[in-house]
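Visitor: Sending over input_30.txt (compact mmCIF, C-alpha atoms and all ligand atoms).
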```
# COMPACT_ATOMS: atom_id res chain seq x y z
CA MET U 1 10.72 14.15 20.38
CA SER U 2 9.14 11.36 18.47
CA LEU U 3 9.50 10.74 14.75
CA GLN U 4 6.74 11.42 12.25
CA THR U 5 5.34 8.95 9.77
CA THR U 6 6.79 9.27 6.27
CA THR U 7 4.49 11.17 3.90
CA SER U 8 2.48 8.90 1.63
CA GLN U 9 2.90 9.27 -2.14
CA THR U 10 1.02 7.78 -5.08
CA VAL U 11 1.97 4.39 -6.56
CA GLY U 12 1.82 6.17 -9.92
CA PRO U 13 0.97 4.45 -13.21
CA TYR U 14 3.88 2.01 -13.25
CA PHE U 15 3.43 0.12 -9.96
CA GLY U 16 3.03 -3.13 -11.85
CA ILE U 17 6.80 -3.20 -12.33
CA GLY U 18 7.35 -3.46 -8.60
CA MET U 19 4.20 -5.17 -7.38
CA THR U 20 3.10 -7.79 -9.92
CA TRP U 21 5.57 -10.39 -8.60
CA LEU U 22 3.48 -10.70 -5.41
CA ILE U 23 0.03 -11.14 -6.97
CA ARG U 24 -2.08 -13.34 -4.71
CA ASP U 25 -5.43 -13.81 -6.42
CA ASN U 26 -6.10 -17.17 -4.81
CA LEU U 27 -5.81 -16.96 -1.04
CA ILE U 28 -6.64 -20.63 -0.49
CA GLY U 29 -3.70 -22.94 0.13
CA GLU U 30 -3.72 -26.62 0.88
CA GLY U 31 -6.02 -27.97 3.57
CA VAL U 32 -7.90 -24.71 4.08
CA SER U 33 -11.43 -24.90 5.43
CA GLY U 34 -14.35 -22.57 4.81
CA ASP U 35 -16.88 -21.61 2.17
CA ARG U 36 -15.10 -20.72 -1.06
CA PHE U 37 -15.97 -17.62 -3.03
CA THR U 38 -14.84 -16.00 -6.25
CA ILE U 39 -15.08 -12.26 -5.77
CA GLN U 40 -15.09 -10.08 -8.84
CA GLY U 41 -15.75 -6.46 -9.55
CA ARG U 42 -14.70 -3.31 -11.29
CA VAL U 43 -13.25 0.01 -10.22
CA PHE U 44 -14.85 3.20 -11.64
CA ASP U 45 -13.71 6.82 -11.50
CA GLY U 46 -15.78 9.99 -11.13
CA ASP U 47 -16.78 9.95 -14.80
CA GLY U 48 -18.05 6.39 -14.44
CA LEU U 49 -15.13 5.15 -16.52
CA PRO U 50 -13.31 1.96 -15.54
CA VAL U 51 -9.96 2.56 -13.84
CA PRO U 52 -7.33 0.52 -15.69
CA ASP U 53 -4.50 1.01 -13.21
CA ALA U 54 -5.49 0.12 -9.66
CA ILE U 55 -4.24 -2.45 -7.19
CA LEU U 56 -6.28 -3.96 -4.36
CA GLU U 57 -4.84 -5.65 -1.29
CA ILE U 58 -6.93 -7.90 0.89
CA TRP U 59 -6.47 -8.79 4.56
CA GLN U 60 -8.74 -11.26 6.29
CA ALA U 61 -9.11 -13.85 9.01
CA ASN U 62 -9.45 -17.58 8.31
CA ALA U 63 -12.71 -19.49 8.53
CA HIS U 64 -12.30 -19.79 12.30
CA GLY U 65 -12.04 -16.03 12.71
CA LYS U 66 -8.29 -16.09 13.41
CA TYR U 67 -5.72 -13.75 11.88
CA ASP U 68 -2.29 -15.16 11.05
CA HIS U 69 -0.55 -12.55 13.22
CA PRO U 70 1.15 -12.64 16.62
CA GLU U 71 -1.23 -10.09 18.11
CA ASP U 72 -4.22 -12.32 17.49
CA THR U 73 -4.07 -14.26 20.76
CA GLN U 74 -7.54 -15.81 20.45
CA ARG U 75 -7.64 -19.52 21.12
CA LYS U 76 -8.75 -20.35 17.60
CA LEU U 77 -7.22 -22.62 14.99
CA LEU U 78 -4.52 -21.33 12.61
CA GLU U 79 -4.32 -23.06 9.24
CA PRO U 80 -0.84 -23.11 7.67
CA GLY U 81 -2.36 -22.99 4.16
CA PHE U 82 -4.11 -19.70 4.81
CA LYS U 83 -2.16 -16.46 5.23
CA GLY U 84 -5.07 -14.06 4.73
CA TYR U 85 -3.24 -11.75 2.32
CA GLY U 86 -4.37 -11.10 -1.24
CA ARG U 87 -3.20 -8.73 -3.97
CA VAL U 88 -4.86 -8.19 -7.35
CA LEU U 89 -4.28 -5.74 -10.17
CA VAL U 90 -7.22 -4.55 -12.27
CA SER U 91 -7.31 -5.28 -16.00
CA HIS U 92 -7.47 -2.69 -18.77
CA GLU U 93 -11.25 -2.76 -18.26
CA GLY U 94 -10.90 -2.07 -14.53
CA MET U 95 -11.81 -5.64 -13.58
CA PHE U 96 -10.41 -7.63 -10.69
CA ARG U 97 -11.10 -11.13 -9.45
CA PHE U 98 -9.85 -13.24 -6.57
CA VAL U 99 -10.69 -16.48 -4.84
CA THR U 100 -10.91 -16.82 -1.08
CA ILE U 101 -12.92 -18.26 1.80
CA LYS U 102 -15.49 -16.48 3.91
CA PRO U 103 -13.73 -15.57 7.16
CA GLY U 104 -15.17 -16.31 10.57
CA SER U 105 -16.17 -13.45 12.81
CA VAL U 106 -13.53 -11.60 14.80
CA PRO U 107 -13.89 -9.43 17.90
CA GLY U 108 -14.60 -5.74 17.52
CA PRO U 109 -14.96 -2.79 19.88
CA LYS U 110 -16.13 -3.61 23.41
CA GLY U 111 -15.90 -7.32 22.70
CA LYS U 112 -18.76 -7.15 20.18
CA GLU U 113 -18.31 -9.67 17.39
CA GLN U 114 -17.82 -8.30 13.86
CA ALA U 115 -19.59 -9.76 10.85
CA PRO U 116 -17.29 -11.61 8.43
CA HIS U 117 -15.44 -9.06 6.32
CA LEU U 118 -12.40 -8.45 4.18
CA ALA U 119 -10.25 -5.38 4.85
CA ILE U 120 -9.24 -3.77 1.54
CA SER U 121 -6.54 -1.23 0.64
CA ILE U 122 -6.76 0.41 -2.78
CA PHE U 123 -3.81 2.08 -4.51
CA MET U 124 -3.73 3.80 -7.89
CA ARG U 125 -2.36 6.68 -9.88
CA GLY U 126 -4.19 9.78 -8.64
CA LEU U 127 -4.36 8.58 -5.03
CA LEU U 128 -1.67 10.23 -2.91
CA LYS U 129 -2.54 7.80 -0.14
CA ARG U 130 -4.40 4.53 -0.14
CA LEU U 131 -8.14 4.13 0.27
CA VAL U 132 -9.34 1.78 3.01
CA THR U 133 -12.64 -0.02 2.78
CA ARG U 134 -14.26 -3.35 3.65
CA MET U 135 -16.23 -6.00 1.83
CA TYR U 136 -18.98 -7.85 3.68
CA PHE U 137 -20.86 -10.96 2.55
CA PRO U 138 -24.51 -10.93 1.40
CA ASP U 139 -27.32 -12.50 3.44
CA ASP U 140 -25.31 -12.70 6.64
CA PRO U 141 -27.56 -11.85 9.60
CA ARG U 142 -24.53 -10.53 11.48
CA ASN U 143 -24.26 -7.60 9.03
CA ALA U 144 -27.28 -5.94 10.66
CA ASP U 145 -25.45 -5.12 13.89
CA ASP U 146 -21.83 -5.20 12.82
CA PRO U 147 -20.07 -2.52 14.92
CA ILE U 148 -18.33 -0.99 11.90
CA LEU U 149 -21.13 -1.24 9.32
CA THR U 150 -23.52 0.44 11.74
CA LEU U 151 -21.23 3.50 11.84
CA VAL U 152 -22.16 4.05 8.17
CA GLU U 153 -25.37 5.84 7.13
CA PRO U 154 -27.91 3.09 6.37
CA GLU U 155 -28.36 4.14 2.72
CA ARG U 156 -24.62 3.77 2.02
CA ARG U 157 -24.04 0.40 3.71
CA SER U 158 -24.93 -1.54 0.57
CA THR U 159 -21.72 -0.22 -1.08
CA LEU U 160 -19.79 -2.42 1.36
CA ILE U 161 -21.79 -5.62 0.85
CA ALA U 162 -21.03 -7.86 -2.13
CA ARG U 163 -23.89 -9.03 -4.32
CA LYS U 164 -24.77 -12.52 -5.45
CA THR U 165 -24.49 -13.01 -9.19
CA ALA U 166 -25.91 -15.19 -11.91
CA GLY U 167 -22.56 -16.96 -11.86
CA GLY U 168 -23.76 -19.19 -9.01
CA ALA U 169 -23.70 -19.16 -5.23
CA GLY U 170 -19.91 -19.16 -5.10
CA THR U 171 -19.47 -15.97 -7.13
CA LEU U 172 -19.91 -12.53 -5.62
CA GLU U 173 -19.72 -9.12 -7.22
CA TRP U 174 -18.35 -6.07 -5.44
CA ASN U 175 -17.61 -2.86 -7.33
CA VAL U 176 -15.61 0.14 -6.18
CA LEU U 177 -17.02 3.55 -7.18
CA LEU U 178 -14.55 6.28 -6.36
CA GLN U 179 -17.05 9.13 -6.73
CA GLY U 180 -20.71 9.82 -7.45
CA PRO U 181 -24.07 9.20 -5.82
CA ASP U 182 -23.26 5.54 -5.19
CA GLU U 183 -19.69 6.25 -4.08
CA THR U 184 -18.20 3.39 -2.09
CA VAL U 185 -17.78 4.06 1.62
CA PHE U 186 -14.13 4.58 2.50
CA PHE U 187 -12.91 4.53 6.07
CA ASP U 188 -10.74 6.89 8.04
CA VAL U 189 -8.23 4.81 9.97
CA GLY U 190 -5.98 7.79 10.65
CA LEU U 191 -3.83 7.74 7.52
CA MET D 12 -6.63 -11.28 28.30
CA THR D 13 -4.69 -9.02 26.00
CA GLN D 14 -5.21 -5.31 25.69
CA LEU D 15 -4.54 -3.95 22.24
CA ALA D 16 -3.25 -0.48 21.42
CA GLY D 17 -4.24 1.31 18.21
CA TYR D 18 -1.97 3.39 15.96
CA ARG D 19 -1.36 7.12 16.28
CA PRO D 20 -2.92 9.58 13.85
CA PRO D 21 -0.50 11.58 11.69
CA TYR D 22 0.99 14.85 12.85
CA PRO D 23 -1.18 17.58 11.24
CA GLY D 24 -0.11 18.58 7.74
CA THR D 25 2.30 15.67 7.24
CA GLN D 26 0.05 13.45 5.12
CA PRO D 27 -1.68 14.41 1.85
CA ASN D 28 -5.42 14.66 1.35
CA HIS D 29 -6.87 12.37 -1.27
CA LEU D 30 -7.89 15.39 -3.36
CA HIS D 31 -4.96 17.59 -4.38
CA PRO D 32 -6.21 19.52 -7.45
CA PRO D 33 -2.73 20.44 -8.81
CA TYR D 34 -2.27 16.67 -9.23
CA VAL D 35 -4.84 16.33 -11.99
CA SER D 36 -5.37 12.57 -11.67
CA SER D 37 -6.67 13.05 -8.11
CA ARG D 38 -9.69 15.03 -9.31
CA LYS D 39 -11.70 12.09 -10.67
CA ARG D 40 -10.30 9.52 -8.28
CA ALA D 41 -10.36 11.07 -4.81
CA PRO D 42 -13.51 10.32 -2.80
CA THR D 43 -15.97 13.22 -2.63
CA LYS D 44 -17.85 12.11 0.48
CA PRO D 45 -16.21 12.33 3.90
CA LEU D 46 -14.37 9.21 5.04
CA VAL D 47 -16.15 7.34 7.83
CA PRO D 48 -13.96 7.22 10.95
CA ILE D 49 -13.77 3.75 12.50
CA PRO D 50 -12.12 2.50 15.67
CA PHE D 51 -9.16 0.15 15.47
CA THR D 52 -10.16 -3.48 15.75
CA LEU D 53 -8.19 -6.69 15.53
CA THR D 54 -8.56 -6.39 11.74
CA GLU D 55 -6.53 -3.18 11.51
CA ILE D 56 -3.84 -3.97 14.08
CA THR D 57 -2.96 -7.26 12.43
CA GLY D 58 -1.54 -7.61 8.92
CA PRO D 59 0.40 -9.85 6.57
CA SER D 60 4.03 -10.84 7.02
CA PHE D 61 6.45 -12.37 4.56
CA GLY D 62 9.53 -14.51 5.00
CA THR D 63 12.79 -14.22 3.08
CA GLU D 64 11.90 -17.44 1.20
CA ILE D 65 9.56 -15.44 -1.06
CA LEU D 66 12.41 -13.24 -2.31
CA PRO D 67 13.88 -14.12 -5.71
CA PRO D 68 17.70 -14.42 -5.75
CA LYS D 69 19.57 -11.08 -5.81
CA ALA D 70 16.27 -9.21 -5.46
CA CYS D 71 18.06 -6.23 -3.89
CA ASP D 72 20.41 -5.71 -6.88
CA LEU D 73 18.75 -3.88 -9.78
CA THR D 74 21.95 -3.32 -11.75
CA ARG D 75 22.32 -6.70 -13.46
CA LEU D 76 19.90 -8.50 -15.70
CA ARG D 77 20.34 -11.05 -18.51
CA GLY D 78 24.04 -11.30 -17.79
CA GLY D 79 24.73 -7.64 -18.52
CA GLU D 80 25.23 -4.48 -16.52
CA ALA D 81 22.69 -1.68 -16.46
CA ILE D 82 23.73 1.68 -17.87
CA GLY D 83 23.91 4.69 -15.58
CA GLU D 84 25.33 5.80 -12.29
CA ARG D 85 25.42 2.99 -9.70
CA ILE D 86 24.05 3.99 -6.30
CA VAL D 87 23.44 2.25 -3.00
CA VAL D 88 20.14 3.19 -1.38
CA SER D 89 19.94 2.10 2.22
CA GLY D 90 18.35 3.06 5.50
CA ARG D 91 16.24 1.87 8.33
CA VAL D 92 12.55 1.32 8.84
CA LEU D 93 11.54 2.71 12.22
CA ASP D 94 8.24 3.51 13.88
CA GLU D 95 7.32 6.90 15.33
CA ASN D 96 8.65 5.77 18.69
CA SER D 97 12.09 5.21 17.07
CA ARG D 98 11.77 1.44 17.38
CA PRO D 99 13.15 -0.55 14.44
CA VAL D 100 10.66 -2.45 12.28
CA PRO D 101 12.36 -5.79 11.60
CA ASN D 102 11.47 -8.51 9.06
CA THR D 103 9.18 -6.38 6.93
CA LEU D 104 8.87 -6.47 3.15
CA ILE D 105 10.03 -3.49 1.08
CA GLU D 106 9.35 -3.26 -2.66
CA ILE D 107 10.87 -0.61 -4.92
CA TRP D 108 10.47 0.30 -8.60
CA GLN D 109 11.85 3.10 -10.71
CA ALA D 110 12.71 4.46 -14.15
CA ASN D 111 16.07 3.62 -15.71
CA ALA D 112 18.95 6.08 -16.06
CA ALA D 113 17.29 7.61 -19.12
CA GLY D 114 13.99 8.22 -17.33
CA ARG D 115 12.11 5.33 -18.95
CA TYR D 116 10.02 2.67 -17.20
CA HIS D 117 9.92 -0.84 -18.56
CA HIS D 118 6.10 -0.67 -18.76
CA GLU D 119 3.70 -0.77 -21.70
CA VAL D 120 2.01 2.45 -20.58
CA ASP D 121 5.26 4.44 -20.62
CA LYS D 122 5.49 6.00 -24.09
CA HIS D 123 8.37 8.36 -23.26
CA ASP D 124 10.84 8.44 -26.15
CA ALA D 125 13.89 7.45 -24.12
CA PRO D 126 15.82 4.19 -24.46
CA LEU D 127 14.97 1.05 -22.55
CA ASP D 128 17.84 -0.74 -20.84
CA PRO D 129 17.60 -4.53 -21.18
CA ASN D 130 20.05 -4.98 -18.31
CA PHE D 131 18.23 -2.83 -15.77
CA ALA D 132 15.89 -4.76 -13.47
CA GLY D 133 13.57 -1.81 -12.73
CA SER D 134 12.32 -3.29 -9.46
CA GLY D 135 13.70 -4.79 -6.30
CA LYS D 136 12.50 -6.25 -3.03
CA THR D 137 14.02 -7.03 0.30
CA ILE D 138 13.08 -7.76 3.89
CA THR D 139 14.45 -5.62 6.71
CA ASP D 140 16.92 -7.24 9.10
CA SER D 141 16.49 -7.57 12.85
CA GLU D 142 17.35 -3.88 13.29
CA GLY D 143 15.05 -2.64 10.53
CA ARG D 144 17.87 -2.08 8.03
CA TYR D 145 17.59 -2.48 4.26
CA ARG D 146 19.93 -1.96 1.30
CA PHE D 147 19.50 -1.84 -2.48
CA LEU D 148 22.07 -1.51 -5.24
CA THR D 149 20.54 0.33 -8.19
CA ILE D 150 21.02 2.98 -10.88
CA ARG D 151 20.24 6.62 -10.30
CA PRO D 152 16.86 7.08 -12.04
CA GLY D 153 16.38 9.71 -14.71
CA GLU D 154 13.78 12.46 -14.60
CA TYR D 155 10.86 11.92 -16.95
CA PRO D 156 8.06 13.94 -18.56
CA TRP D 157 4.40 13.38 -17.70
CA GLY D 158 1.09 14.78 -18.83
CA ASN D 159 -0.06 16.61 -15.71
CA HIS D 160 0.50 20.10 -17.12
CA TYR D 161 2.50 21.84 -19.85
CA ASN D 162 6.18 20.81 -19.79
CA ALA D 163 5.72 18.71 -16.64
CA TRP D 164 8.71 16.63 -15.52
CA ARG D 165 8.89 14.36 -12.48
CA PRO D 166 11.97 14.85 -10.31
CA ALA D 167 14.16 11.74 -10.09
CA HIS D 168 12.54 9.32 -7.64
CA ILE D 169 12.31 5.73 -6.48
CA HIS D 170 8.91 4.27 -5.52
CA PHE D 171 8.79 2.44 -2.15
CA SER D 172 6.14 0.08 -0.78
CA ILE D 173 6.39 -1.06 2.86
CA PHE D 174 4.10 -3.25 4.93
CA GLY D 175 5.10 -2.88 8.58
CA PRO D 176 3.49 -4.97 11.30
CA ALA D 177 -0.18 -4.20 10.64
CA PHE D 178 -2.86 -3.33 8.09
CA ALA D 179 -2.73 0.13 9.72
CA THR D 180 0.97 0.65 8.95
CA ARG D 181 0.94 -0.09 5.20
CA LEU D 182 2.73 2.73 3.35
CA VAL D 183 3.58 3.58 -0.25
CA THR D 184 5.86 6.55 -0.85
CA GLN D 185 8.59 7.95 -3.10
CA MET D 186 12.23 8.77 -2.38
CA PHE D 187 13.78 11.85 -4.02
CA PHE D 188 17.36 13.12 -4.46
CA PRO D 189 18.99 16.15 -2.83
CA GLY D 190 19.29 19.30 -4.90
CA ASP D 191 16.87 18.24 -7.64
CA PRO D 192 15.69 21.47 -9.33
CA LEU D 193 12.38 19.83 -10.32
CA LEU D 194 11.23 19.27 -6.73
CA ALA D 195 9.84 22.80 -6.41
CA PHE D 196 7.54 22.23 -9.41
CA ASP D 197 6.28 18.70 -8.66
CA PRO D 198 2.64 18.55 -7.47
CA ILE D 199 3.14 15.05 -6.08
CA PHE D 200 6.17 15.95 -3.95
CA ASN D 201 4.39 19.16 -2.86
CA CYS D 202 1.17 17.43 -1.77
CA THR D 203 1.62 18.08 1.96
CA ALA D 204 1.25 21.35 3.82
CA ASP D 205 4.22 20.64 6.11
CA GLU D 206 7.50 21.54 4.41
CA LYS D 207 9.61 19.49 6.84
CA ALA D 208 7.53 16.40 6.08
CA ARG D 209 8.10 16.95 2.35
CA ASN D 210 11.80 17.35 2.82
CA ARG D 211 12.02 14.06 4.68
CA LEU D 212 11.18 12.40 1.34
CA ILE D 213 14.56 13.59 0.06
CA SER D 214 17.33 11.09 0.61
CA VAL D 215 20.67 12.16 2.07
CA PHE D 216 24.01 11.66 0.37
CA ASP D 217 25.93 9.24 2.58
CA TRP D 218 29.73 8.77 2.66
CA GLU D 219 29.35 5.68 4.80
CA THR D 220 27.69 3.67 2.02
CA THR D 221 29.69 5.30 -0.76
CA SER D 222 32.25 2.81 -2.10
CA PRO D 223 35.59 3.88 -3.60
CA ASP D 224 35.66 3.52 -7.40
CA TYR D 225 32.20 1.91 -7.43
CA SER D 226 29.07 3.73 -6.26
CA LEU D 227 27.61 6.69 -4.37
CA GLY D 228 25.43 6.05 -1.33
CA TYR D 229 22.09 7.61 -0.44
CA ARG D 230 20.36 7.13 2.87
CA PHE D 231 16.59 7.06 3.20
CA ASP D 232 14.90 6.15 6.48
CA LEU D 233 11.23 5.18 6.45
CA ILE D 234 9.04 5.95 9.44
CA LEU D 235 5.87 3.92 9.98
CA ARG D 236 3.01 4.77 12.33
CA GLY D 237 3.66 4.16 16.01
CA ARG D 238 1.41 2.59 18.61
CA GLU D 239 -0.76 4.60 20.92
CA ALA D 240 0.59 4.62 24.45
CA THR D 241 -2.68 3.39 25.88
CA PRO D 242 -4.66 0.34 24.79
CA MET D 243 -7.93 0.68 22.87
CA GLY D 244 -9.71 -0.47 26.01
CA ASP D 245 -11.01 -3.51 24.21
CA LYS D 246 -10.32 -6.94 25.47
CA LEU D 247 -9.43 -9.70 23.12
CA GLY D 248 -9.78 -13.38 23.60
CA GLU D 249 -11.29 -15.50 26.34
FE FE A 301 7.48 7.24 -11.04
```
Render the structure in this file as structure tokens.
Ligand SMILES: [Fe+3]

Guide:
Amino acid sequence: MSLQTTTSQTVGPYFGIGMTWLIRDNLIGEGVSGDRFTIQGRVFDGDGLPVPDAILEIWQANAHGKYDHPEDTQRKLLEPGFKGYGRVLVSHEGMFRFVTIKPGSVPGPKGKEQAPHLAISIFMRGLLKRLVTRMYFPDDPRNADDPILTLVEPERRSTLIARKTAGGAGTLEWNVLLQGPDETVFFDVGL
Amino acid sequence: MTQLAGYRPPYPGTQPNHLHPPYVSSRKRAPTKPLVPIPFTLTEITGPSFGTEILPPKACDLTRLRGGEAIGERIVVSGRVLDENSRPVPNTLIEIWQANAAGRYHHEVDKHDAPLDPNFAGSGKTITDSEGRYRFLTIRPGEYPWGNHYNAWRPAHIHFSIFGPAFATRLVTQMFFPGDPLLAFDPIFNCTADEKARNRLISVFDWETTSPDYSLGYRFDLILRGREATPMGDKLGE
């Protein structure tokens, strides 16, 4: 008889008490290579109102497409200054912002390369378990046949791709809409 | 070449849906469109890890702050982090946070008219040992009112956040106390169909970690997702 995974519960409204100490809104340590981006956005609820109490966690590969994890056995370079983990809390206006590098591509199903992407977990009051989504980078030709993006209906894929902004080439905007016609695509990874 | 195994799906009824209408906050925040199922890739079976060097000193003792002792009943909360295959999950970060003995969070949003305790830390963190064990010294949290429905009170609970070895294993949950009369009325505790799964969120009074003349012990084991027996069939690397 095997054990069963502990039931997920909401982070509630007061998660900042326990989670703020580990904010990582700049993922770039010393000597890290890759194109740098500031990624900013807002989280909106089903009424279109900004969510003031959400936390996003980011997981990504380095610029060579290597995860800092023992199960990534690819012969690619690890960079000690890049762990690949980020954590940001939204502001009262539902805004978040973090600085990172564009990851390289990593292998996907059947050895097919994946387009550069960030894996994102979202926690907040009202969510009994986390939401899982991804952020892809604009104007990357690899997006067109990414093995995960192509599982999404074409009209909804744009919710997963950040947009360029007036803030310059290094600033991207990616919003999270929890409900509504432009609802962000969330993934089922068996939670 | 390495063959990678994915993580098992939950046993039916043991995990909540995003939408649980009795929990009012879920109504405007749960997705309304179906989630898109995706296969496990290297992205989901890897994840962050943290070393003990990130832990502040005495991060597993919540009962002392600013040179004084927190008010309330001292308790030891300890247990193991295991996966579904009963294997210990070593070296993984656990974060906890909770209300003080009076049921008040040290947080600007908490407007409950109960006293703050300047000597209660309110949060703790630790990293499991080589056998997946963890231990916190804290104060038994108080119950507190919330706005979900008329005369709504949360049962006493401690919030837990655990990483595990992969993006796929990340878990946030809450630990409750045996015999709490509020459990039956709490829409968050009652979010899952499976009663046994719910009851596993209730810690167990534990003589072994109860210290004479000092503190009661409660045991709370955390189970993270286990690996599939067979690899995903995808080959990684050269
Ligand atoms: Fe709480």

Visitor: For chain U, which residues have at least one atom within 6 Å of chain D, if we go by only C-alpha atoms? Write them as a PyMOL selection string, please.

Guide: chain U and resi 2-9+18+45-46+69+74+85+108-110+126-128+178-179+186-188+190

Visitor: Please report the interatomic distance between atom CA of U:Glu155 and atom CA of U:Thr184 in Å with one decimal.

Guide: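 We find that atom CA of U:Glu155 and atom CA of U:Thr184 lie 11.3 Å from each other.
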
Visitor: Between D:Glu80, D:Glu206, D:Asp72, D:Glu154, which one has atoms that come closest to ligand FE 301 (chain A), using all atoms listed in the file?

Guide: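 That would be D:Glu154, the residue with the smallest distance to ligand FE 301 (chain A).
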
Visitor: Given the choices U:His64, U:Thr10, U:Gly167, U:His117, which gets closest to ligand FE 301 (chain A) if the distance is worked out from all atoms listed in the file?

Guide: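 Of U:His64, U:Thr10, U:Gly167, U:His117, the one nearest ligand FE 301 (chain A) is U:Thr10, counting all atoms listed in the file.
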
Visitor: Would you compute an axis-aligned box for stretch 118-130 of chain D, covering every atom listed for it in the file with 8 Å of margin on each side, and report centre and edge lengths in Å to one decimal as lines of an AutoDock Vina configuration file?

Guide:
```
center_x = 11.0
center_y = 1.7
center_z = -22.2
size_x = 34.0
size_y = 29.4
size_z = 23.8
```

Visitor: Could you state the separation of atom FE of ligand FE 301 (chain A) and atom CA of D:Asp191 in Å, given to one decimal place?

Guide: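 Those two atoms sit 14.9 Å apart.
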
Visitor: Could you check which of D:Leu76, D:Ala125, D:Ile213, D:Ile105 is closest to D:Arg144, using only C-alpha atoms?

Guide: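 Comparing D:Leu76, D:Ala125, D:Ile213, D:Ile105 against D:Arg144, the winner is D:Ile105.
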
Visitor: List the spatial neighbours of U:Met135 as a PDB file with C-alpha atoms, in the frame of the given file - criterion: any atom at most 12 Å away, all atoms listed in the file, same-chain residues fewer than 5 positions off excluded.

Guide:
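What landed in out_30.pdb:
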```pdb
ATOM      1  CA  ILE U  39     -15.080 -12.260  -5.770  1.00  0.00           C
ATOM      2  CA  GLN U  40     -15.090 -10.080  -8.840  1.00  0.00           C
ATOM      3  CA  GLY U  41     -15.750  -6.460  -9.550  1.00  0.00           C
ATOM      4  CA  LEU U  56      -6.280  -3.960  -4.360  1.00  0.00           C
ATOM      5  CA  GLU U  57      -4.840  -5.650  -1.290  1.00  0.00           C
ATOM      6  CA  ILE U  58      -6.930  -7.900   0.890  1.00  0.00           C
ATOM      7  CA  TRP U  59      -6.470  -8.790   4.560  1.00  0.00           C
ATOM      8  CA  GLN U  60      -8.740 -11.260   6.290  1.00  0.00           C
ATOM      9  CA  LYS U 102     -15.490 -16.480   3.910  1.00  0.00           C
ATOM     10  CA  PRO U 103     -13.730 -15.570   7.160  1.00  0.00           C
ATOM     11  CA  ALA U 115     -19.590  -9.760  10.850  1.00  0.00           C
ATOM     12  CA  PRO U 116     -17.290 -11.610   8.430  1.00  0.00           C
ATOM     13  CA  HIS U 117     -15.440  -9.060   6.320  1.00  0.00           C
ATOM     14  CA  LEU U 118     -12.400  -8.450   4.180  1.00  0.00           C
ATOM     15  CA  ALA U 119     -10.250  -5.380   4.850  1.00  0.00           C
ATOM     16  CA  ILE U 120      -9.240  -3.770   1.540  1.00  0.00           C
ATOM     17  CA  SER U 121      -6.540  -1.230   0.640  1.00  0.00           C
ATOM     18  CA  ASN U 143     -24.260  -7.600   9.030  1.00  0.00           C
ATOM     19  CA  ILE U 148     -18.330  -0.990  11.900  1.00  0.00           C
ATOM     20  CA  LEU U 149     -21.130  -1.240   9.320  1.00  0.00           C
ATOM     21  CA  ARG U 157     -24.040   0.400   3.710  1.00  0.00           C
ATOM     22  CA  SER U 158     -24.930  -1.540   0.570  1.00  0.00           C
ATOM     23  CA  THR U 159     -21.720  -0.220  -1.080  1.00  0.00           C
ATOM     24  CA  LEU U 160     -19.790  -2.420   1.360  1.00  0.00           C
ATOM     25  CA  ILE U 161     -21.790  -5.620   0.850  1.00  0.00           C
ATOM     26  CA  ALA U 162     -21.030  -7.860  -2.130  1.00  0.00           C
ATOM     27  CA  ARG U 163     -23.890  -9.030  -4.320  1.00  0.00           C
ATOM     28  CA  LEU U 172     -19.910 -12.530  -5.620  1.00  0.00           C
ATOM     29  CA  GLU U 173     -19.720  -9.120  -7.220  1.00  0.00           C
ATOM     30  CA  TRP U 174     -18.350  -6.070  -5.440  1.00  0.00           C
ATOM     31  CA  ASN U 175     -17.610  -2.860  -7.330  1.00  0.00           C
ATOM     32  CA  VAL U 176     -15.610   0.140  -6.180  1.00  0.00           C
ATOM     33  CA  THR U 184     -18.200   3.390  -2.090  1.00  0.00           C
ATOM     34  CA  VAL U 185     -17.780   4.060   1.620  1.00  0.00           C
ATOM     35  CA  PHE U 186     -14.130   4.580   2.500  1.00  0.00           C
ATOM     36  CA  PHE U 187     -12.910   4.530   6.070  1.00  0.00           C
TER      37      PHE U 187
END
```

Visitor: Please indicate the distance in Å from atom CA of D:Ala204 to atom CA of U:Asp53, rounded to one decimal place.

Guide: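 Spanning atom CA of D:Ala204 to atom CA of U:Asp53 is a straight-line distance of 27.1 Å.
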
Visitor: Sort by chain and increasing residue number a table of all residues of chain U within 8 Å of ligand FE 301 (chain A), each with its closest pair of atoms and their distance in Å to one decimal, counting only C-alpha atoms and all ligand atoms, and write it as JSON lines.

Guide:
```
{"residue": "U:Val11", "atom": "CA", "partner": "A:FE301", "partner_atom": "FE", "distance": 7.7}
{"residue": "U:Gly12", "atom": "CA", "partner": "A:FE301", "partner_atom": "FE", "distance": 5.9}
{"residue": "U:Pro13", "atom": "CA", "partner": "A:FE301", "partner_atom": "FE", "distance": 7.4}
{"residue": "U:Tyr14", "atom": "CA", "partner": "A:FE301", "partner_atom": "FE", "distance": 6.7}
```

Visitor: For the selection just defined, write its residues with C-alpha atoms to a file, as a PDB file, keeping the file's coordinate frame.

Guide:
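Below is the file that was written, part-v9.pdb:
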```pdb
ATOM      1  CA  VAL U  11       1.970   4.390  -6.560  1.00  0.00           C
ATOM      2  CA  GLY U  12       1.820   6.170  -9.920  1.00  0.00           C
ATOM      3  CA  PRO U  13       0.970   4.450 -13.210  1.00  0.00           C
ATOM      4  CA  TYR U  14       3.880   2.010 -13.250  1.00  0.00           C
TER       5      TYR U  14
END
```

Visitor: Using all atoms listed in the file, which of U:Arg130, U:Arg142, U:Lys66, U:Arg24 sits nearest U:Lys112?

Guide: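 Counting all atoms listed in the file, the residue closest to U:Lys112 is U:Arg142.
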